[in-house]
Amino acid sequence: MSRLNKEQTLVPKIGETNSSGQSEDDFDFTNNNKRLRLELDFSDKESISDDSVEETMNENTTTEKRPNFSAINPNCVRIPAIINLKPGATKKLIIKNFKSEPKLPDNYRELTWDKLRGAVLAIQKSKSVKYSLEELYQAVENLCNHKMAHNIYNSLRNLTETHICKNIEQFLADSMDRQIFLKKMNHWWQSHCHQMIMIRSIFLYLDRTYVLQNPSVLSIWDMGLELFRRYIVMNPLVQTRIVEGLLMLIEKERQGDTVDRTLLKSLLRMLSDLQIYPDAFEHKFLAATERLYASEGQRLMQELDVPEYLAHVDKRLLEEQDRVLHYLDSSTKWQLIHTVEKQLLSEHLSSILQKGLDGLLEGNRIKDLSLLYVLFNRVRNGIVELCLNFNSFIKKKGRTIVIDPEKDKTMVQELLDFKDKMDNIVCTCFKKNEKFSNSLREAFEHFINQRANKPAELIAKFVDSKLRAGNKEATEEELERLLDKIMVLFRFIHGKDVFEAFYKKDLAKRLLVGKSASVDAEKSMLSKLKQECGGGFTSKLEGMFKDMELSKDINIAFKQHMSNMMHREMINIDLTVNILTMGYWPTYPVLDVNLPNEMVQYQNVFTKFYLSKHSGRKLQWQPTLGHCVLKASFPQGHKELQVSLFQALVLLLFNNSDGLSFEEIKQASNIEDGELRRTLQSLACGKARVLLKIPRGRDVEDTDKFTFNGEFNNKYFRIKINQIQMKETTEEQKATEERVYQDRQYQIDAAIVRIMKMRKTLSHNLLISELYLQLKFPVKPADLKKRIESLIDRDYMERDKDNPNQYNYVA
């Protein structure tokens, strides 16, 4: 039993045939233009008439569901019902073609094309079409199915070409405003596109069959574009007017006028669709852009300051990107932006940097510097040039801070502030670019060593001022951050031995006089130095702390010893002694001063106690950094005076006399002349004047006399007399510098001997090169030559007899 739908036509498939030549294959349900008829043939040779079919249908109406074997066309045999055959009977259904094909009427082609032509002309003239689109589409399909596609395509092309050629004259008029011309062109272009869309919808079957089967044939849409391009846009006069009009509108917009961006977008899209955008428009547009910004850059560099110029460049770049976004083709973007960058930035890199970079850095103009970095990052060599000029500024500015002796007091703080400022600029403005970070370090290292030794000395003294007791400027966290910043400066210093010498001297004073603000801060600084320079650099400093810890234990044991001894004459005196290992501490001059008998006796007791615990050791008393607390009675009341040992010796002399001359004090105390003058100056000329000097004045002369100040008064019970021990004298500074110089001589000698012992024979130049690699402090070639001569004189090495520039090691 088979069922066919109305929309299907039965087409026989080619296959094997039976003895009568009929196909025995299955049905193929496909579209075919040929009309078919159906013929039923049964293997048992039974014939069934239409009447018997109808009778069978009537008989089975009540029992069988009525099938629908629909008619294919009027000439087909209709099978209204199912034929009931005996079970097991063989049934065959055979389909045969009509003996003659149907034909179109003779004038069908002409009539159909006239109908299509009228529709196309109506569309081109913007009139209503008489026929429906379905009817026109079916007409095109019928023509194509009867092998008329080629003629239809050519006729349609000729029709479109004629229409376009008729309309070109309106664009060739002599006098026409550019903007009016552009609007007219845009209107006609929009109309043409709309017309071609409608025409294509009618001839869509042609587009999908004939055009697809012939790759060399343009689609209807592309054919319309090609004709428009050939006759309209490729006309030299029309193209020139279009491009000049577009460039005029863009130039007006660049000058700040408002223009019709929709018009620009539509016409530029037209050029792109017609595939003439690069040749017809883009090259001329970029050339005009280059001329405009070249002249603008030259003019504005003279008229504007650098921040204003940078803001203008940034504005221009944003404007051009906006144009690309709104109406220019995206393929233009790179060349357009590159042109603007070249003319406004690349051509003026040096001028911008020389004219304004120093001012921006000096004024800490974060926003302007950020913009400068962003803009320079867009152009070739921009970052390199910016980095070089940044480096030059730091060296120039840093040199002014370091070289000027008048700025010594504020040098380190200025350097810290300058470093913070530059770090912030690198971090914020230059996006933490590693090139700038490295350049910053190199510049600081360069200028900070322009003045030999002094920055290292001043950094050590700055650390001392921050670690002293009484420094209430910062909390522990702030002090820790400050020490970290100081360590950054310390890394830049070449002469770290100078820092070590002064730091060691100041640390000794802080520890011995009890002026250290915090042991934790001291040890924190020590650990930073150790981490930076290694254990050898800080071994002596660590030894100083170790001595102070051991001294505490010794003093506890000594006080316990004194309590057991019951020395009544010493019960009112409290003695604390610091035992120092000579190799760890700075070298102090040995001074033999006249101490009161009570102090001498106390010293003897301690010496005996200590040597009993540590036999074989030798104690050398050092009064330079000793300090005392004296109980004093004044008419206004009792006070405690916190003084140095030398100040105490001088004041104790006035227990026996109200007035003494300078010479008498000197003879009685045996204090060194310079030290005595400083001591008397602190007692008689400072804020707390326990003594009166006659005559008055700042300087102490040999003829001056000093008397006890009975009118002395102070609101505090314990009074700190001017702390002269913490102040560095010129002699101390020179002694420290000399000590550093001597240490360097020893290091140079040791390095030369070490190298020569290993190499045995070496030329002068190679020896100098090796020394520069080994020595960690700056040294001049002349100084190295002197040390080589000294070693030759001392027979550590000798010159080669045949070659004076060659040295030989002497074993």
# chains A, B, ... in the order shown; residues from 1 in each chain; ligands from 1
>>> select_by_dssp(residues="range 608-704 of chain A", states="alpha helix (DSSP H)", output="PyMOL selection string")
chain A and resi 608-613+645-653+662-669+673-684
>>> residues_around(residues="Phe717 in chain A", least_positions_apart="3", cutoff="10 Å", atoms="only C-alpha atoms", output="PDB file with N, CA and C atoms, in the first residue's frame")
ATOM      1  N   GLY A 637      67.972  75.938  96.673  1.00  0.00           N
ATOM      2  CA  GLY A 637      67.572  74.560  96.930  1.00  0.00           C
ATOM      3  C   GLY A 637      68.582  73.565  96.401  1.00  0.00           C
ATOM      4  N   HIS A 638      68.274  72.283  96.668  1.00  0.00           N
ATOM      5  CA  HIS A 638      69.171  71.202  96.226  1.00  0.00           C
ATOM      6  C   HIS A 638      68.836  70.785  94.793  1.00  0.00           C
ATOM      7  N   LYS A 639      69.884  70.461  94.060  1.00  0.00           N
ATOM      8  CA  LYS A 639      69.740  70.024  92.670  1.00  0.00           C
ATOM      9  C   LYS A 639      70.657  68.828  92.414  1.00  0.00           C
ATOM     10  N   GLU A 640      70.349  68.106  91.362  1.00  0.00           N
ATOM     11  CA  GLU A 640      71.252  67.074  90.864  1.00  0.00           C
ATOM     12  C   GLU A 640      71.707  67.489  89.473  1.00  0.00           C
ATOM     13  N   LEU A 641      73.036  67.473  89.304  1.00  0.00           N
ATOM     14  CA  LEU A 641      73.605  67.906  88.021  1.00  0.00           C
ATOM     15  C   LEU A 641      74.143  66.683  87.273  1.00  0.00           C
ATOM     16  N   ASN A 713      69.461  79.037  89.475  1.00  0.00           N
ATOM     17  CA  ASN A 713      68.118  78.523  89.766  1.00  0.00           C
ATOM     18  C   ASN A 713      67.575  77.824  88.523  1.00  0.00           C
ATOM     19  N   ASN A 714      66.853  76.751  88.726  1.00  0.00           N
ATOM     20  CA  ASN A 714      66.249  76.015  87.607  1.00  0.00           C
ATOM     21  C   ASN A 714      65.016  75.309  88.118  1.00  0.00           C
ATOM     22  N   LYS A 720      70.432  68.626  83.140  1.00  0.00           N
ATOM     23  CA  LYS A 720      71.456  68.164  82.202  1.00  0.00           C
ATOM     24  C   LYS A 720      72.266  69.367  81.739  1.00  0.00           C
TER      25      LYS A 720
END
>>> residues_around(residues="Cys387 in chain A", least_positions_apart="4", cutoff="9 Å", atoms="only C-alpha atoms", output="list in words")
Gly382, Ile383, Asn391, Ser392, Lys435, Phe436 and Ser439 of chain A
>>> write_last_selection(atoms="C-alpha atoms", output="CSV table (one decimal), in the first residue's frame")
chain,number,residue,atom,x,y,z
A,382,GLY,CA,60.2,58.0,23.5
A,383,ILE,CA,60.8,56.1,26.7
A,391,ASN,CA,68.7,60.4,34.7
A,392,SER,CA,70.4,63.7,33.8
A,435,LYS,CA,64.3,51.1,33.1
A,436,PHE,CA,63.5,54.1,35.2
A,439,SER,CA,68.3,54.7,36.0
>>> residues_around(residues="Asn765 in chain A", least_positions_apart="5", cutoff="10 Å", atoms="only C-alpha atoms", output="PDB file with C-alpha atoms, in the first residue's frame")
ATOM      1  CA  GLU A 770      92.989  43.692  39.779  1.00  0.00           C
ATOM      2  CA  LEU A 771      93.180  46.199  42.623  1.00  0.00           C
ATOM      3  CA  ASN A 805     106.389  48.045  33.824  1.00  0.00           C
ATOM      4  CA  GLN A 806     106.604  44.483  35.137  1.00  0.00           C
TER       5      GLN A 806
END
>>> residues_around(residues="range 186-189 of chain A", least_positions_apart="4", cutoff="7 Å", atoms="only C-alpha atoms", output="PyMOL selection string")
chain A and resi 182+193+266-267
>>> write_last_selection(atoms="N, CA, C and O atoms", output="PDB file, in the first residue's frame")
ATOM      1  N   LEU A 182      27.842  66.858  -1.823  1.00  0.00           N
ATOM      2  CA  LEU A 182      27.976  65.652  -1.010  1.00  0.00           C
ATOM      3  C   LEU A 182      26.626  65.107  -0.589  1.00  0.00           C
ATOM      4  O   LEU A 182      26.397  63.885  -0.608  1.00  0.00           O
ATOM      5  N   CYS A 193      21.336  51.998  -3.695  1.00  0.00           N
ATOM      6  CA  CYS A 193      21.424  50.789  -2.859  1.00  0.00           C
ATOM      7  C   CYS A 193      20.033  50.220  -2.585  1.00  0.00           C
ATOM      8  O   CYS A 193      19.821  49.000  -2.663  1.00  0.00           O
ATOM      9  N   SER A 266      28.353  57.914   5.815  1.00  0.00           N
ATOM     10  CA  SER A 266      27.696  57.270   4.691  1.00  0.00           C
ATOM     11  C   SER A 266      28.569  57.295   3.439  1.00  0.00           C
ATOM     12  O   SER A 266      28.721  56.280   2.749  1.00  0.00           O
ATOM     13  N   LEU A 267      29.177  58.456   3.147  1.00  0.00           N
ATOM     14  CA  LEU A 267      29.988  58.569   1.939  1.00  0.00           C
ATOM     15  C   LEU A 267      31.289  57.776   2.052  1.00  0.00           C
ATOM     16  O   LEU A 267      31.747  57.179   1.074  1.00  0.00           O
TER      17      LEU A 267
END
>>> residues_around(residues="range 272-285 of chain A", least_positions_apart="6", cutoff="10 Å", atoms="only C-alpha atoms", output="VMD selection string")
chain A and resid 222 225 to 230 233 to 234 239 to 240 242 to 244 246 to 247 250 to 251 266 328 to 329 331 to 332 335 to 336
>>> closest_residue(among="A:Ile366, A:Ile337, A:Ala139, A:His163", to="Val379 in chain A", atoms="only C-alpha atoms")
A:Ile337
>>> select_by_dssp(residues="range 570-777 of chain A", states="strand (DSSP E)", output="NGL selection string")
:A and (627-634 or 637-644 or 659-661 or 691-694 or 705-708 or 718-720 or 761-763)
>>> write_last_selection(atoms="C-alpha atoms", output="PDB file, in the first residue's frame")
ATOM      1  CA  HIS A 627      79.837  60.778  83.226  1.00  0.00           C
ATOM      2  CA  CYS A 628      78.560  61.582  86.721  1.00  0.00           C
ATOM      3  CA  VAL A 629      75.577  62.770  88.686  1.00  0.00           C
ATOM      4  CA  LEU A 630      76.562  65.393  91.310  1.00  0.00           C
ATOM      5  CA  LYS A 631      74.424  66.489  94.226  1.00  0.00           C
ATOM      6  CA  ALA A 632      74.678  70.262  94.534  1.00  0.00           C
ATOM      7  CA  SER A 633      73.378  72.691  97.179  1.00  0.00           C
ATOM      8  CA  PHE A 634      72.331  76.151  96.000  1.00  0.00           C
ATOM      9  CA  GLY A 637      67.572  74.560  96.930  1.00  0.00           C
ATOM     10  CA  HIS A 638      69.171  71.202  96.226  1.00  0.00           C
ATOM     11  CA  LYS A 639      69.740  70.024  92.670  1.00  0.00           C
ATOM     12  CA  GLU A 640      71.252  67.074  90.864  1.00  0.00           C
ATOM     13  CA  LEU A 641      73.605  67.906  88.021  1.00  0.00           C
ATOM     14  CA  GLN A 642      74.086  65.379  85.211  1.00  0.00           C
ATOM     15  CA  VAL A 643      77.579  66.133  83.887  1.00  0.00           C
ATOM     16  CA  SER A 644      80.607  64.601  82.190  1.00  0.00           C
ATOM     17  CA  GLY A 659      86.603  81.514  92.704  1.00  0.00           C
ATOM     18  CA  LEU A 660      89.420  80.049  90.579  1.00  0.00           C
ATOM     19  CA  SER A 661      91.393  81.250  87.566  1.00  0.00           C
ATOM     20  CA  LEU A 691      79.738  78.946  87.095  1.00  0.00           C
ATOM     21  CA  LEU A 692      80.197  82.603  86.237  1.00  0.00           C
ATOM     22  CA  LYS A 693      82.998  83.707  83.912  1.00  0.00           C
ATOM     23  CA  ILE A 694      84.837  86.982  84.398  1.00  0.00           C
ATOM     24  CA  LYS A 705      88.374  83.708  86.213  1.00  0.00           C
ATOM     25  CA  PHE A 706      85.462  81.553  87.282  1.00  0.00           C
ATOM     26  CA  THR A 707      83.256  81.803  90.368  1.00  0.00           C
ATOM     27  CA  PHE A 708      80.476  79.693  91.840  1.00  0.00           C
ATOM     28  CA  ARG A 718      67.846  67.019  87.792  1.00  0.00           C
ATOM     29  CA  ILE A 719      69.564  69.275  85.297  1.00  0.00           C
ATOM     30  CA  LYS A 720      71.456  68.164  82.202  1.00  0.00           C
ATOM     31  CA  THR A 761     104.714  38.306  37.983  1.00  0.00           C
ATOM     32  CA  LEU A 762     102.302  40.970  36.746  1.00  0.00           C
ATOM     33  CA  SER A 763     102.351  44.102  34.595  1.00  0.00           C
TER      34      SER A 763
END
>>> residues_around(residues="Gln450 in chain A", least_positions_apart="4", cutoff="8 Å", atoms="only C-alpha atoms", output="VMD selection string")
chain A and resid 399 402 to 403 446
>>> write_last_selection(atoms="N, CA, C and O atoms", output="PDB file, in the first residue's frame")
ATOM      1  N   ARG A 399      73.681  66.533  42.540  1.00  0.00           N
ATOM      2  CA  ARG A 399      75.017  67.137  42.694  1.00  0.00           C
ATOM      3  C   ARG A 399      74.949  68.450  43.466  1.00  0.00           C
ATOM      4  O   ARG A 399      75.808  68.745  44.290  1.00  0.00           O
ATOM      5  N   VAL A 402      74.759  67.574  47.147  1.00  0.00           N
ATOM      6  CA  VAL A 402      75.936  66.924  47.741  1.00  0.00           C
ATOM      7  C   VAL A 402      77.157  67.838  47.768  1.00  0.00           C
ATOM      8  O   VAL A 402      77.887  67.871  48.761  1.00  0.00           O
ATOM      9  N   ILE A 403      77.371  68.597  46.701  1.00  0.00           N
ATOM     10  CA  ILE A 403      78.628  69.345  46.554  1.00  0.00           C
ATOM     11  C   ILE A 403      78.698  70.548  47.481  1.00  0.00           C
ATOM     12  O   ILE A 403      79.766  70.880  48.012  1.00  0.00           O
ATOM     13  N   HIS A 446      75.855  57.722  41.195  1.00  0.00           N
ATOM     14  CA  HIS A 446      76.836  58.588  40.518  1.00  0.00           C
ATOM     15  C   HIS A 446      77.061  59.881  41.285  1.00  0.00           C
ATOM     16  O   HIS A 446      78.191  60.231  41.629  1.00  0.00           O
TER      17      HIS A 446
END
>>> atom_distance(atom1="CA of Ala294 in chain A", atom2="CA of Met248 in chain A")
18.0 Å
>>> atom_distance(atom1="CA of Thr736 in chain A", atom2="CA of Phe418 in chain A")
28.8 Å
